[in-house]
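Comments concern the structure below.
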Amino acid sequence: MLGSLCTLITALTCVSGVTLVTQKPPVVTLRTGQTATMDCNLGTVTGASARWYKQVPGGGPQFVLRFHHSWSSVRYGSGFSAPKFTSNHQSQSDYHLIINNVEEGDSAVYYCQTWDSSAKEEVFGQGTKLIVTGSTLPPPVLTVFPPSADELQSNKATLVCVASLPSPSLGFADVTWTAAGSPVSSGVSSSSAVQQPDQTFHISSYLAIQTADWKRDKAYTCQVSVGSKASEKSIKKSDCST
């Protein structure tokens, strides 16, 4: 059961043939002492309870709590209790996870899960990232590297964007690329966040491009966002010596 759960959460399995569990917002950024509220819609499921799990990068999922609209109280996992954690509902399929007086240790991804009896399977939401910091979260620091001279001898080349993320982010970040102002989705890959000795996190994103586009001096931009903080950095051939 737990092994299956770990696999599901790691792979972000959230779509069933019948039911789609949706969570919002995708990211919550708060200061310590504030209250976090996350929403979960169970789709077509109305008879099952909503379960919430907490997962930090590199760790396994922890069962936080379970709640059903017909219950008078919340059922908790080990190490979680009221009034810190609670849940309520707006309808038979709309649930909320509420975390009071948040601390930096509450930073994690929180997944909503239910049981789809028609499909006979567990269904997970896509997760909500909670980032808690004791001070204002600084924006990511970006460095973008041009293709190597050797790569430019072939038809394809690679741009590399390295982002340094503040420690409270736990390495949670969204990376996007644009080419001459237009969003790019193909040819993009990103590494997992790696914590550094100074407690910051580094992630690398790679964009495969055509060498001819680089030689035409097309501008490429890497944007990295952590919660409401975002940074971007552009690069083109005329900016470089290669």
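Scheme for the structure tokens: letters A, B, ... for chains in order shown; per-chain residue numbers from 1; ligand numbers from 1 in order shown.
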
Contact residues around Cys40 in chain A with only C-alpha atoms at 8 Å, ignoring same-chain residues under 5 positions, as JSON, numbers by chain: {"A": [21, 22, 23, 24, 94, 95, 96, 112, 125]}

Tell me which protein, DNA and RNA residues are within 12 Å of Glu151 in chain A, counting only C-alpha atoms, leaving out same-chain ones fewer than 2 positions away, and put them as a PDB file with N, CA and C atoms, in the first residue's frame.
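Saved file part-v4.pdb follows:
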ATOM      1  N   PRO A 146      25.862  29.808 -22.678  1.00  0.00           N
ATOM      2  CA  PRO A 146      25.659  29.614 -24.117  1.00  0.00           C
ATOM      3  C   PRO A 146      26.116  28.226 -24.552  1.00  0.00           C
ATOM      4  N   PRO A 147      25.849  27.848 -25.796  1.00  0.00           N
ATOM      5  CA  PRO A 147      26.352  26.568 -26.308  1.00  0.00           C
ATOM      6  C   PRO A 147      27.881  26.589 -26.331  1.00  0.00           C
ATOM      7  N   SER A 148      28.463  25.405 -26.242  1.00  0.00           N
ATOM      8  CA  SER A 148      29.921  25.317 -26.337  1.00  0.00           C
ATOM      9  C   SER A 148      30.353  25.469 -27.794  1.00  0.00           C
ATOM     10  N   ALA A 149      31.609  25.806 -27.978  1.00  0.00           N
ATOM     11  CA  ALA A 149      32.148  25.955 -29.331  1.00  0.00           C
ATOM     12  C   ALA A 149      32.042  24.648 -30.106  1.00  0.00           C
ATOM     13  N   GLN A 153      29.506  23.385 -33.887  1.00  0.00           N
ATOM     14  CA  GLN A 153      29.965  22.765 -35.135  1.00  0.00           C
ATOM     15  C   GLN A 153      28.928  21.800 -35.700  1.00  0.00           C
ATOM     16  N   SER A 154      27.890  21.483 -34.888  1.00  0.00           N
ATOM     17  CA  SER A 154      26.829  20.569 -35.325  1.00  0.00           C
ATOM     18  C   SER A 154      25.542  21.342 -35.564  1.00  0.00           C
ATOM     19  N   ASN A 155      24.461  20.624 -35.857  1.00  0.00           N
ATOM     20  CA  ASN A 155      23.174  21.275 -36.138  1.00  0.00           C
ATOM     21  C   ASN A 155      22.410  21.662 -34.880  1.00  0.00           C
ATOM     22  N   LYS A 156      22.736  21.023 -33.761  1.00  0.00           N
ATOM     23  CA  LYS A 156      21.989  21.275 -32.520  1.00  0.00           C
ATOM     24  C   LYS A 156      22.930  21.733 -31.420  1.00  0.00           C
ATOM     25  N   ALA A 157      22.407  22.547 -30.541  1.00  0.00           N
ATOM     26  CA  ALA A 157      23.193  23.056 -29.421  1.00  0.00           C
ATOM     27  C   ALA A 157      22.298  23.131 -28.189  1.00  0.00           C
ATOM     28  N   THR A 158      22.901  23.398 -27.044  1.00  0.00           N
ATOM     29  CA  THR A 158      22.151  23.405 -25.783  1.00  0.00           C
ATOM     30  C   THR A 158      22.460  24.652 -24.972  1.00  0.00           C
ATOM     31  N   LEU A 159      21.404  25.293 -24.490  1.00  0.00           N
ATOM     32  CA  LEU A 159      21.528  26.388 -23.534  1.00  0.00           C
ATOM     33  C   LEU A 159      21.262  25.828 -22.139  1.00  0.00           C
ATOM     34  N   ALA A 208      17.341  22.600 -25.818  1.00  0.00           N
ATOM     35  CA  ALA A 208      17.978  22.197 -27.071  1.00  0.00           C
ATOM     36  C   ALA A 208      17.495  23.110 -28.193  1.00  0.00           C
ATOM     37  N   ILE A 209      18.422  23.695 -28.935  1.00  0.00           N
ATOM     38  CA  ILE A 209      18.073  24.636 -29.994  1.00  0.00           C
ATOM     39  C   ILE A 209      18.777  24.256 -31.298  1.00  0.00           C
ATOM     40  N   GLN A 210      18.337  24.858 -32.380  1.00  0.00           N
ATOM     41  CA  GLN A 210      19.009  24.712 -33.659  1.00  0.00           C
ATOM     42  C   GLN A 210      20.195  25.679 -33.710  1.00  0.00           C
ATOM     43  N   THR A 211      21.336  25.175 -34.141  1.00  0.00           N
ATOM     44  CA  THR A 211      22.517  26.034 -34.228  1.00  0.00           C
ATOM     45  C   THR A 211      22.267  27.230 -35.142  1.00  0.00           C
ATOM     46  N   ALA A 212      21.491  27.019 -36.192  1.00  0.00           N
ATOM     47  CA  ALA A 212      21.210  28.112 -37.137  1.00  0.00           C
ATOM     48  C   ALA A 212      20.460  29.248 -36.452  1.00  0.00           C
ATOM     49  N   TRP A 214      20.664  30.085 -33.273  1.00  0.00           N
ATOM     50  CA  TRP A 214      21.632  30.785 -32.431  1.00  0.00           C
ATOM     51  C   TRP A 214      22.481  31.743 -33.268  1.00  0.00           C
ATOM     52  N   THR A 242      31.170  33.246 -28.153  1.00  0.00           N
ATOM     53  CA  THR A 242      31.122  32.081 -29.026  1.00  0.00           C
ATOM     54  C   THR A 242      30.158  32.317 -30.156  1.00  0.00           C
TER      55      THR A 242
END

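Between CA of Arg51 in chain A and CA of Ser81 in chain A there is a distance of 14.1 Å.
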
Contact residues around Trp71 in chain A with only C-alpha atoms at 10 Å, ignoring same-chain residues under 4 positions, as a PyMOL selection string: chain A and resi 49+67+75

Filtered DSSP result for range 142-220 of chain A, state strand (DSSP E or B), as a ChimeraX atom specification: /A:142-145,156-165,174-179,182-184,188-190,194-195,201-210,220

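With distances restricted to only C-alpha atoms, A:His202 is the closest residue to Gly171 in chain A from A:Arg216, A:Lys237, A:His202, A:Arg31.
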
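Residues of range 73-164 of chain A carrying a DSSP assignment of helix (DSSP H, G or I), computed from the backbone, are Glu104, Gly105, Asp106, Glu151, Leu152 and Gln153 of chain A.
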
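With distances restricted to only C-alpha atoms, A:Pro139 is the closest residue to Leu165 in chain A from A:Pro139, A:Gly187, A:Gly43, A:Gly79.
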
Give me, as JSON lines, each residue of range 91-144 of chain A that comes within 7 Å of range 55-63 of chain A, together with its shortest interatomic pair and the distance in Å at one decimal, counting only C-alpha atoms, with rows ordered by chain and rising residue number.
{"residue": "A:Ala108", "atom": "CA", "partner": "A:Val56", "partner_atom": "CA", "distance": 4.7}
{"residue": "A:Val109", "atom": "CA", "partner": "A:Gln55", "partner_atom": "CA", "distance": 5.3}
{"residue": "A:Tyr110", "atom": "CA", "partner": "A:Gln55", "partner_atom": "CA", "distance": 6.4}

Surrounding residues of Gly47 in chain A excluding itself and chain neighbours under 6 positions, 12 Å, only C-alpha atoms, as a PyMOL selection string: chain A and resi 67-71+91-94+114-118

Keeping N, CA, C and O atoms, export the residues of the selection given above as a PDB file, in the first residue's frame.
ATOM      1  N   PHE A  67     -10.991  13.359   6.091  1.00  0.00           N
ATOM      2  CA  PHE A  67     -12.257  13.960   6.486  1.00  0.00           C
ATOM      3  C   PHE A  67     -13.336  13.620   5.470  1.00  0.00           C
ATOM      4  O   PHE A  67     -13.078  13.548   4.266  1.00  0.00           O
ATOM      5  N   HIS A  68     -14.530  13.389   5.991  1.00  0.00           N
ATOM      6  CA  HIS A  68     -15.709  13.119   5.160  1.00  0.00           C
ATOM      7  C   HIS A  68     -16.800  14.098   5.565  1.00  0.00           C
ATOM      8  O   HIS A  68     -16.924  14.457   6.746  1.00  0.00           O
ATOM      9  N   HIS A  69     -17.581  14.539   4.587  1.00  0.00           N
ATOM     10  CA  HIS A  69     -18.574  15.576   4.870  1.00  0.00           C
ATOM     11  C   HIS A  69     -19.627  15.147   5.897  1.00  0.00           C
ATOM     12  O   HIS A  69     -20.286  15.995   6.506  1.00  0.00           O
ATOM     13  N   SER A  70     -19.779  13.848   6.119  1.00  0.00           N
ATOM     14  CA  SER A  70     -20.777  13.374   7.090  1.00  0.00           C
ATOM     15  C   SER A  70     -20.209  13.229   8.503  1.00  0.00           C
ATOM     16  O   SER A  70     -20.951  12.972   9.447  1.00  0.00           O
ATOM     17  N   TRP A  71     -18.871  13.403   8.646  1.00  0.00           N
ATOM     18  CA  TRP A  71     -18.251  13.213   9.949  1.00  0.00           C
ATOM     19  C   TRP A  71     -18.306  14.503  10.777  1.00  0.00           C
ATOM     20  O   TRP A  71     -18.273  15.612  10.244  1.00  0.00           O
ATOM     21  N   SER A  91     -18.927  21.318   0.014  1.00  0.00           N
ATOM     22  CA  SER A  91     -19.932  20.442  -0.587  1.00  0.00           C
ATOM     23  C   SER A  91     -19.450  19.010  -0.414  1.00  0.00           C
ATOM     24  O   SER A  91     -18.425  18.768   0.243  1.00  0.00           O
ATOM     25  N   GLN A  92     -20.152  18.068  -1.002  1.00  0.00           N
ATOM     26  CA  GLN A  92     -19.762  16.668  -0.876  1.00  0.00           C
ATOM     27  C   GLN A  92     -18.502  16.346  -1.659  1.00  0.00           C
ATOM     28  O   GLN A  92     -17.932  15.265  -1.499  1.00  0.00           O
ATOM     29  N   SER A  93     -18.048  17.270  -2.502  1.00  0.00           N
ATOM     30  CA  SER A  93     -16.840  17.019  -3.283  1.00  0.00           C
ATOM     31  C   SER A  93     -15.784  18.113  -3.149  1.00  0.00           C
ATOM     32  O   SER A  93     -14.717  18.012  -3.739  1.00  0.00           O
ATOM     33  N   ASP A  94     -16.077  19.166  -2.374  1.00  0.00           N
ATOM     34  CA  ASP A  94     -15.124  20.267  -2.192  1.00  0.00           C
ATOM     35  C   ASP A  94     -14.618  20.303  -0.755  1.00  0.00           C
ATOM     36  O   ASP A  94     -15.405  20.519   0.177  1.00  0.00           O
ATOM     37  N   THR A 114      -8.433  10.607  -2.910  1.00  0.00           N
ATOM     38  CA  THR A 114      -9.719   9.979  -2.600  1.00  0.00           C
ATOM     39  C   THR A 114      -9.778   8.611  -3.245  1.00  0.00           C
ATOM     40  O   THR A 114      -8.857   8.193  -3.962  1.00  0.00           O
ATOM     41  N   TRP A 115     -10.881   7.919  -2.998  1.00  0.00           N
ATOM     42  CA  TRP A 115     -11.092   6.582  -3.564  1.00  0.00           C
ATOM     43  C   TRP A 115     -12.216   6.654  -4.586  1.00  0.00           C
ATOM     44  O   TRP A 115     -13.329   7.093  -4.270  1.00  0.00           O
ATOM     45  N   ASP A 116     -11.911   6.265  -5.815  1.00  0.00           N
ATOM     46  CA  ASP A 116     -12.906   6.226  -6.885  1.00  0.00           C
ATOM     47  C   ASP A 116     -13.477   4.812  -6.935  1.00  0.00           C
ATOM     48  O   ASP A 116     -12.836   3.896  -7.434  1.00  0.00           O
ATOM     49  N   SER A 117     -14.666   4.636  -6.370  1.00  0.00           N
ATOM     50  CA  SER A 117     -15.254   3.295  -6.273  1.00  0.00           C
ATOM     51  C   SER A 117     -15.628   2.726  -7.637  1.00  0.00           C
ATOM     52  O   SER A 117     -15.590   1.515  -7.839  1.00  0.00           O
ATOM     53  N   SER A 118     -15.989   3.594  -8.580  1.00  0.00           N
ATOM     54  CA  SER A 118     -16.363   3.090  -9.914  1.00  0.00           C
ATOM     55  C   SER A 118     -15.153   2.539 -10.660  1.00  0.00           C
ATOM     56  O   SER A 118     -15.234   1.539 -11.360  1.00  0.00           O
TER      57      SER A 118
END

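CA of Gln90 in chain A lies 29.3 Å from CA of Thr133 in chain A.
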
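Closest to Ser238 in chain A among A:Ala163, A:Gly105, A:Ser225, A:Lys215 is A:Lys215, based on only C-alpha atoms.
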
Spatial neighbours of Leu30 in chain A, 12 Å, only C-alpha atoms, chain gap at least 2 places, as a ChimeraX atom specification: /A:27-28,32-37,99-104,106-107,129-137,168-169,226-228

Atomic separation - CA of Thr176 in chain A relative to CA of Thr200 in chain A, Å: 20.4 Å

Pick out the residues sitting within 6 Å of Thr178 in chain A, and hand them over as a short mmCIF file (atom, residue, chain, number, x, y, z; two decimals) with all heavy atoms, in the first residue's frame; count only C-alpha atoms, and ignore anything fewer than 5 positions along from it in its own chain.
data_model
loop_
_atom_site.label_atom_id
_atom_site.label_comp_id
_atom_site.auth_asym_id
_atom_site.auth_seq_id
_atom_site.Cartn_x
_atom_site.Cartn_y
_atom_site.Cartn_z
N PRO A 183 6.76 31.38 -26.10
CA PRO A 183 7.01 30.24 -25.21
C PRO A 183 7.53 29.02 -25.96
O PRO A 183 7.13 28.74 -27.09
CB PRO A 183 5.62 29.95 -24.62
CG PRO A 183 4.87 31.23 -24.77
CD PRO A 183 5.36 31.85 -26.04
N VAL A 184 8.45 28.31 -25.31
CA VAL A 184 9.04 27.10 -25.87
C VAL A 184 8.73 25.94 -24.93
O VAL A 184 8.93 26.06 -23.71
CB VAL A 184 10.57 27.24 -26.03
CG1 VAL A 184 11.17 25.94 -26.53
CG2 VAL A 184 10.91 28.39 -26.96
N TYR A 220 17.03 34.10 -26.34
CA TYR A 220 16.39 33.07 -25.53
C TYR A 220 16.34 33.55 -24.08
O TYR A 220 17.32 34.12 -23.58
CB TYR A 220 17.15 31.75 -25.62
CG TYR A 220 17.16 31.15 -27.01
CD1 TYR A 220 18.18 31.48 -27.92
CD2 TYR A 220 16.17 30.27 -27.42
CE1 TYR A 220 18.19 30.94 -29.19
CE2 TYR A 220 16.18 29.73 -28.69
CZ TYR A 220 17.18 30.08 -29.58
OH TYR A 220 17.19 29.55 -30.84
N THR A 221 15.22 33.31 -23.42
CA THR A 221 15.04 33.77 -22.05
C THR A 221 14.62 32.62 -21.15
O THR A 221 13.68 31.87 -21.47
CB THR A 221 13.97 34.88 -21.97
OG1 THR A 221 14.37 35.97 -22.81
CG2 THR A 221 13.80 35.38 -20.55
#
